[in-house]
$ cat work07.cif   # mmCIF, C-alpha atoms
data_target
#
loop_
_atom_site.label_atom_id
_atom_site.label_comp_id
_atom_site.auth_asym_id
_atom_site.auth_seq_id
_atom_site.Cartn_x
_atom_site.Cartn_y
_atom_site.Cartn_z
CA MET A 1 2.51 -5.50 -6.03
CA SER A 2 1.21 -8.52 -7.88
CA GLU A 3 3.53 -11.14 -9.31
CA GLN A 4 3.79 -11.20 -13.07
CA PHE A 5 3.80 -14.62 -14.71
CA GLU A 6 5.24 -15.50 -18.07
CA PRO A 7 2.61 -16.44 -20.67
CA SER A 8 3.95 -20.01 -20.78
CA GLU A 9 3.63 -20.36 -16.99
CA ARG A 10 0.09 -19.00 -17.11
CA ALA A 11 -0.82 -21.39 -19.92
CA GLU A 12 0.67 -24.36 -18.05
CA ALA A 13 -1.23 -23.47 -14.88
CA ALA A 14 -4.48 -23.05 -16.83
CA GLU A 15 -3.91 -26.41 -18.54
CA ARG A 16 -3.35 -28.12 -15.18
CA LEU A 17 -6.60 -26.63 -13.88
CA ARG A 18 -8.48 -27.76 -16.98
CA LYS A 19 -7.13 -31.30 -16.55
CA ALA A 20 -8.28 -31.19 -12.93
CA GLY A 21 -11.83 -30.55 -14.14
CA TYR A 22 -12.02 -26.76 -13.93
CA SER A 23 -13.69 -24.81 -16.72
CA GLU A 24 -12.29 -21.70 -18.38
CA ALA A 25 -14.77 -19.57 -16.41
CA ASP A 26 -13.46 -21.07 -13.14
CA VAL A 27 -9.89 -20.29 -14.14
CA GLN A 28 -10.76 -16.70 -15.09
CA ARG A 29 -12.72 -16.19 -11.86
CA GLU A 30 -9.78 -17.47 -9.79
CA VAL A 31 -7.35 -15.19 -11.62
CA SER A 32 -9.56 -12.13 -11.09
CA GLU A 33 -9.98 -12.95 -7.37
CA LEU A 34 -6.21 -13.23 -6.93
CA GLU A 35 -5.67 -9.92 -8.72
CA GLN A 36 -8.19 -8.21 -6.41
CA LYS A 37 -6.48 -9.66 -3.33
CA SER A 38 -3.13 -8.45 -4.63
CA ALA A 39 -4.46 -4.93 -5.17
CA THR A 40 -5.93 -4.90 -1.65
CA ALA A 41 -2.62 -6.03 -0.16
CA ALA A 42 -0.78 -3.29 -2.07
CA ARG A 43 -3.11 -0.66 -0.59
CA ILE A 44 -2.94 -2.04 2.96
CA PHE A 45 0.85 -2.21 3.09
CA ASP A 46 1.48 1.17 1.49
CA LEU A 47 4.38 2.75 3.42
CA ARG A 48 2.66 6.13 3.46
CA ARG A 49 -0.08 4.65 5.65
CA ILE A 50 2.41 3.13 8.10
CA ILE A 51 4.69 6.19 8.29
CA GLY A 52 1.78 8.63 8.50
CA GLY A 53 0.06 6.61 11.23
CA LEU A 54 3.21 6.35 13.33
CA PHE A 55 3.96 10.06 13.02
CA VAL A 56 0.41 10.95 14.04
CA VAL A 57 0.50 8.66 17.09
CA TYR A 58 3.93 9.83 18.24
CA GLY A 59 3.03 13.43 17.43
CA VAL A 60 -0.01 13.25 19.70
CA ILE A 61 2.09 11.77 22.52
CA VAL A 62 4.88 14.34 22.22
CA THR A 63 2.37 17.22 21.91
CA ILE A 64 0.64 16.11 25.12
CA VAL A 65 4.02 15.96 26.86
CA GLY A 66 4.79 19.44 25.52
CA LEU A 67 1.50 20.81 26.85
CA THR A 68 2.21 19.41 30.32
CA ASP A 69 5.89 20.47 30.49
CA GLY A 70 6.85 22.50 33.50
CA ASP A 71 9.12 25.54 33.69
CA ALA A 72 12.16 23.37 34.45
CA GLU A 73 11.86 21.43 31.20
CA ILE A 74 11.32 24.61 29.18
CA ASP A 75 14.34 26.23 30.82
CA LYS A 76 16.49 23.22 29.84
CA ALA A 77 15.62 23.95 26.21
CA GLN A 78 16.60 27.63 26.54
CA GLY A 79 13.03 28.85 26.87
CA ILE A 80 11.57 26.92 23.92
CA ASN A 81 8.87 24.33 24.47
CA ILE A 82 10.68 21.84 22.24
CA ASN A 83 8.28 18.96 22.95
CA LEU A 84 5.28 21.01 21.88
CA TRP A 85 6.88 22.20 18.63
CA THR A 86 8.31 18.78 17.79
CA GLY A 87 4.95 17.12 18.48
CA LEU A 88 3.11 19.61 16.27
CA GLY A 89 5.68 19.07 13.51
CA MET A 90 5.26 15.30 13.76
CA LEU A 91 1.48 15.67 13.63
CA ALA A 92 1.72 17.86 10.54
CA LEU A 93 4.04 15.39 8.79
CA GLY A 94 1.83 12.42 9.67
CA ILE A 95 -1.29 14.19 8.44
CA PHE A 96 0.56 15.12 5.24
CA PHE A 97 1.38 11.45 4.56
CA LEU A 98 -2.21 10.36 5.20
CA ILE A 99 -3.64 13.10 2.96
CA TRP A 100 -1.13 12.16 0.27
CA LEU A 101 -2.28 8.55 0.54
CA LYS A 102 -5.92 9.62 0.21
CA LEU A 103 -5.33 11.91 -2.78
CA ARG A 104 -2.95 9.60 -4.67
CA PRO A 105 -3.86 5.96 -3.88
CA THR A 106 -1.66 3.12 -5.03
CA VAL A 107 -2.68 1.72 -8.39
CA PRO A 108 -1.57 -1.85 -9.08
CA PRO A 109 0.12 -2.46 -12.41
CA PRO A 110 -2.17 -3.72 -15.16
CA PRO A 111 -1.94 -7.44 -15.88
CA PRO A 112 -0.02 -8.39 -19.00
CA LEU A 113 -2.01 -9.02 -22.15
CA PRO A 114 -2.42 -12.63 -23.27
CA PRO A 115 -0.35 -13.62 -26.30
CA GLU A 116 -3.50 -13.85 -28.44
CA ALA A 117 -4.15 -10.13 -27.92
CA VAL A 118 -0.60 -9.12 -28.87
CA GLU A 119 -0.02 -11.35 -31.90
CA PRO A 120 -2.05 -10.56 -35.02
CA ARG A 121 -4.44 -13.26 -36.18
CA ASP A 122 -4.18 -14.67 -39.70
#

$ encode --input "work07.cif" --output "structure tokens"
Amino acid sequence: MSEQFEPSERAEAAERLRKAGYSEADVQREVSELEQKSATAARIFDLRRIIGGLFVVYGVIVTIVGLTDGDAEIDKAQGININLWTGLGMLALGIFFLIWLKLRPTVPPPPPLPPEAVEPRD
């Protein structure tokens, strides 16, 4: 999520950049680049991606173990191939999280309006 700055902080930062020789277009370009980077970071570190990926990886591992279980392991679980069913459940949950991420991507909050846009002009 991007940091939200107070209008006075934003104005002070813009004034410092102008004094350093940057034009208004340079300041606006820098702000838009930072907002794009923030939105990219929000998408990359979405917890649904991390949780879904881990469940898929562990689900594949546990499913493979369940497919290769012998009769002794199945008998320990009272005749149920618990590794196979748990692995398939983990795979389903991981795929659910990844599909959810794809269908409902994270949308960063809109930047606040500048004070000139909020206050009526005389």

$ closest_residue --input "work07.cif" --among "A:Leu93, A:Val27, A:Leu88, A:Ala13" --to "Ile61 in chain A" --atoms "only C-alpha atoms"
A:Leu88

$ atom_distance --input "work07.cif" --atom1 "CA of Gly94 in chain A" --atom2 "CA of Leu54 in chain A"
7.2 Å

$ residues_around --input "work07.cif" --residues "Val60 in chain A" --least-positions-apart "6" --cutoff "10 Å" --atoms "all atoms listed in the file" --output "number ranges by chain"
A: 54, 66, 84, 87-88, 90-91

$ residues_around --input "work07.cif" --residues "Leu101 in chain A" --least-positions-apart "6" --cutoff "9 Å" --atoms "all atoms listed in the file" --output "mmCIF file with C-alpha atoms, in the coordinates of the input"
data_model
loop_
_atom_site.group_PDB
_atom_site.id
_atom_site.type_symbol
_atom_site.label_atom_id
_atom_site.label_comp_id
_atom_site.auth_asym_id
_atom_site.auth_seq_id
_atom_site.Cartn_x
_atom_site.Cartn_y
_atom_site.Cartn_z
ATOM 1 C CA ASP A 46 1.480 1.170 1.490
ATOM 2 C CA ARG A 48 2.660 6.130 3.460
ATOM 3 C CA ARG A 49 -0.080 4.650 5.650
ATOM 4 C CA GLY A 52 1.780 8.630 8.500
#

$ atom_distance --input "work07.cif" --atom1 "CA of Ser32 in chain A" --atom2 "CA of Leu103 in chain A"
25.8 Å

$ atom_distance --input "work07.cif" --atom1 "CA of Arg18 in chain A" --atom2 "CA of Glu33 in chain A"
17.7 Å

$ closest_residue --input "work07.cif" --among "A:Ser23, A:Glu12, A:Ile95, A:Thr68" --to "Ile82 in chain A" --atoms "only C-alpha atoms"
A:Thr68

$ closest_residue --input "work07.cif" --among "A:Val65, A:Ala20, A:Ile99, A:Val57" --to "Asn81 in chain A" --atoms "only C-alpha atoms"
A:Val65

$ closest_residue --input "work07.cif" --among "A:Ile51, A:Ile80, A:Lys19, A:Asp75" --to "Phe96 in chain A" --atoms "only C-alpha atoms"
A:Ile51

$ decode --input "work07.cif" --residues "range 87-99 of chain A" --atoms "all heavy atoms" --output "PDB file, in the first residue's frame"
ATOM      1  N   GLY A  87      -3.066 -34.009   0.645  1.00  0.00           N
ATOM      2  CA  GLY A  87      -2.372 -33.360  -0.461  1.00  0.00           C
ATOM      3  C   GLY A  87      -3.335 -32.790  -1.482  1.00  0.00           C
ATOM      4  O   GLY A  87      -3.149 -31.659  -1.968  1.00  0.00           O
ATOM      5  N   LEU A  88      -4.381 -33.543  -1.817  1.00  0.00           N
ATOM      6  CA  LEU A  88      -5.374 -33.039  -2.767  1.00  0.00           C
ATOM      7  C   LEU A  88      -6.132 -31.836  -2.194  1.00  0.00           C
ATOM      8  O   LEU A  88      -6.433 -30.877  -2.918  1.00  0.00           O
ATOM      9  CB  LEU A  88      -6.339 -34.156  -3.162  1.00  0.00           C
ATOM     10  CG  LEU A  88      -5.728 -35.279  -4.011  1.00  0.00           C
ATOM     11  CD1 LEU A  88      -6.748 -36.400  -4.214  1.00  0.00           C
ATOM     12  CD2 LEU A  88      -5.235 -34.741  -5.333  1.00  0.00           C
ATOM     13  N   GLY A  89      -6.420 -31.887  -0.896  1.00  0.00           N
ATOM     14  CA  GLY A  89      -7.077 -30.747  -0.251  1.00  0.00           C
ATOM     15  C   GLY A  89      -6.195 -29.510  -0.260  1.00  0.00           C
ATOM     16  O   GLY A  89      -6.662 -28.393  -0.507  1.00  0.00           O
ATOM     17  N   MET A  90      -4.901 -29.696   0.007  1.00  0.00           N
ATOM     18  CA  MET A  90      -3.975 -28.567  -0.022  1.00  0.00           C
ATOM     19  C   MET A  90      -3.849 -28.004  -1.434  1.00  0.00           C
ATOM     20  O   MET A  90      -3.782 -26.780  -1.617  1.00  0.00           O
ATOM     21  CB  MET A  90      -2.609 -29.002   0.507  1.00  0.00           C
ATOM     22  CG  MET A  90      -2.611 -29.316   1.998  1.00  0.00           C
ATOM     23  SD  MET A  90      -1.074 -30.038   2.552  1.00  0.00           S
ATOM     24  CE  MET A  90      -0.058 -28.573   2.619  1.00  0.00           C
ATOM     25  N   LEU A  91      -3.805 -28.880  -2.420  1.00  0.00           N
ATOM     26  CA  LEU A  91      -3.758 -28.413  -3.813  1.00  0.00           C
ATOM     27  C   LEU A  91      -4.996 -27.598  -4.158  1.00  0.00           C
ATOM     28  O   LEU A  91      -4.897 -26.533  -4.782  1.00  0.00           O
ATOM     29  CB  LEU A  91      -3.663 -29.610  -4.763  1.00  0.00           C
ATOM     30  CG  LEU A  91      -2.277 -30.090  -5.116  1.00  0.00           C
ATOM     31  CD1 LEU A  91      -2.363 -31.393  -5.907  1.00  0.00           C
ATOM     32  CD2 LEU A  91      -1.534 -29.054  -5.900  1.00  0.00           C
ATOM     33  N   ALA A  92      -6.162 -28.095  -3.762  1.00  0.00           N
ATOM     34  CA  ALA A  92      -7.404 -27.383  -4.061  1.00  0.00           C
ATOM     35  C   ALA A  92      -7.417 -26.008  -3.388  1.00  0.00           C
ATOM     36  O   ALA A  92      -7.796 -25.001  -4.007  1.00  0.00           O
ATOM     37  CB  ALA A  92      -8.607 -28.211  -3.604  1.00  0.00           C
ATOM     38  N   LEU A  93      -6.977 -25.938  -2.133  1.00  0.00           N
ATOM     39  CA  LEU A  93      -6.958 -24.656  -1.430  1.00  0.00           C
ATOM     40  C   LEU A  93      -5.961 -23.690  -2.071  1.00  0.00           C
ATOM     41  O   LEU A  93      -6.258 -22.508  -2.260  1.00  0.00           O
ATOM     42  CB  LEU A  93      -6.623 -24.866   0.046  1.00  0.00           C
ATOM     43  CG  LEU A  93      -6.651 -23.614   0.910  1.00  0.00           C
ATOM     44  CD1 LEU A  93      -8.047 -23.020   0.954  1.00  0.00           C
ATOM     45  CD2 LEU A  93      -6.161 -23.939   2.308  1.00  0.00           C
ATOM     46  N   GLY A  94      -4.794 -24.183  -2.429  1.00  0.00           N
ATOM     47  CA  GLY A  94      -3.802 -23.335  -3.073  1.00  0.00           C
ATOM     48  C   GLY A  94      -4.279 -22.805  -4.413  1.00  0.00           C
ATOM     49  O   GLY A  94      -4.093 -21.628  -4.733  1.00  0.00           O
ATOM     50  N   ILE A  95      -4.913 -23.661  -5.200  1.00  0.00           N
ATOM     51  CA  ILE A  95      -5.450 -23.232  -6.495  1.00  0.00           C
ATOM     52  C   ILE A  95      -6.576 -22.222  -6.301  1.00  0.00           C
ATOM     53  O   ILE A  95      -6.687 -21.247  -7.048  1.00  0.00           O
ATOM     54  CB  ILE A  95      -5.892 -24.457  -7.320  1.00  0.00           C
ATOM     55  CG1 ILE A  95      -4.649 -25.247  -7.745  1.00  0.00           C
ATOM     56  CG2 ILE A  95      -6.722 -24.041  -8.522  1.00  0.00           C
ATOM     57  CD1 ILE A  95      -4.955 -26.592  -8.356  1.00  0.00           C
ATOM     58  N   PHE A  96      -7.388 -22.424  -5.258  1.00  0.00           N
ATOM     59  CA  PHE A  96      -8.444 -21.458  -4.944  1.00  0.00           C
ATOM     60  C   PHE A  96      -7.861 -20.076  -4.677  1.00  0.00           C
ATOM     61  O   PHE A  96      -8.349 -19.066  -5.199  1.00  0.00           O
ATOM     62  CB  PHE A  96      -9.260 -21.932  -3.732  1.00  0.00           C
ATOM     63  CG  PHE A  96     -10.139 -20.868  -3.150  1.00  0.00           C
ATOM     64  CD1 PHE A  96     -11.311 -20.489  -3.784  1.00  0.00           C
ATOM     65  CD2 PHE A  96      -9.793 -20.229  -1.972  1.00  0.00           C
ATOM     66  CE1 PHE A  96     -12.116 -19.491  -3.258  1.00  0.00           C
ATOM     67  CE2 PHE A  96     -10.588 -19.233  -1.436  1.00  0.00           C
ATOM     68  CZ  PHE A  96     -11.752 -18.869  -2.075  1.00  0.00           C
ATOM     69  N   PHE A  97      -6.800 -20.003  -3.855  1.00  0.00           N
ATOM     70  CA  PHE A  97      -6.183 -18.712  -3.549  1.00  0.00           C
ATOM     71  C   PHE A  97      -5.618 -18.065  -4.809  1.00  0.00           C
ATOM     72  O   PHE A  97      -5.740 -16.853  -4.992  1.00  0.00           O
ATOM     73  CB  PHE A  97      -5.067 -18.883  -2.512  1.00  0.00           C
ATOM     74  CG  PHE A  97      -5.544 -18.759  -1.088  1.00  0.00           C
ATOM     75  CD1 PHE A  97      -5.900 -19.882  -0.372  1.00  0.00           C
ATOM     76  CD2 PHE A  97      -5.624 -17.530  -0.474  1.00  0.00           C
ATOM     77  CE1 PHE A  97      -6.329 -19.783   0.929  1.00  0.00           C
ATOM     78  CE2 PHE A  97      -6.055 -17.412   0.832  1.00  0.00           C
ATOM     79  CZ  PHE A  97      -6.411 -18.539   1.542  1.00  0.00           C
ATOM     80  N   LEU A  98      -4.985 -18.835  -5.672  1.00  0.00           N
ATOM     81  CA  LEU A  98      -4.399 -18.262  -6.884  1.00  0.00           C
ATOM     82  C   LEU A  98      -5.471 -17.800  -7.873  1.00  0.00           C
ATOM     83  O   LEU A  98      -5.307 -16.769  -8.536  1.00  0.00           O
ATOM     84  CB  LEU A  98      -3.453 -19.273  -7.521  1.00  0.00           C
ATOM     85  CG  LEU A  98      -2.210 -19.610  -6.669  1.00  0.00           C
ATOM     86  CD1 LEU A  98      -1.390 -20.692  -7.345  1.00  0.00           C
ATOM     87  CD2 LEU A  98      -1.386 -18.379  -6.392  1.00  0.00           C
ATOM     88  N   ILE A  99      -6.574 -18.540  -7.966  1.00  0.00           N
ATOM     89  CA  ILE A  99      -7.680 -18.113  -8.834  1.00  0.00           C
ATOM     90  C   ILE A  99      -8.326 -16.849  -8.271  1.00  0.00           C
ATOM     91  O   ILE A  99      -8.656 -15.917  -9.017  1.00  0.00           O
ATOM     92  CB  ILE A  99      -8.712 -19.250  -8.996  1.00  0.00           C
ATOM     93  CG1 ILE A  99      -8.113 -20.367  -9.850  1.00  0.00           C
ATOM     94  CG2 ILE A  99     -10.009 -18.744  -9.605  1.00  0.00           C
ATOM     95  CD1 ILE A  99      -8.980 -21.608  -9.929  1.00  0.00           C
TER      96      ILE A  99
END
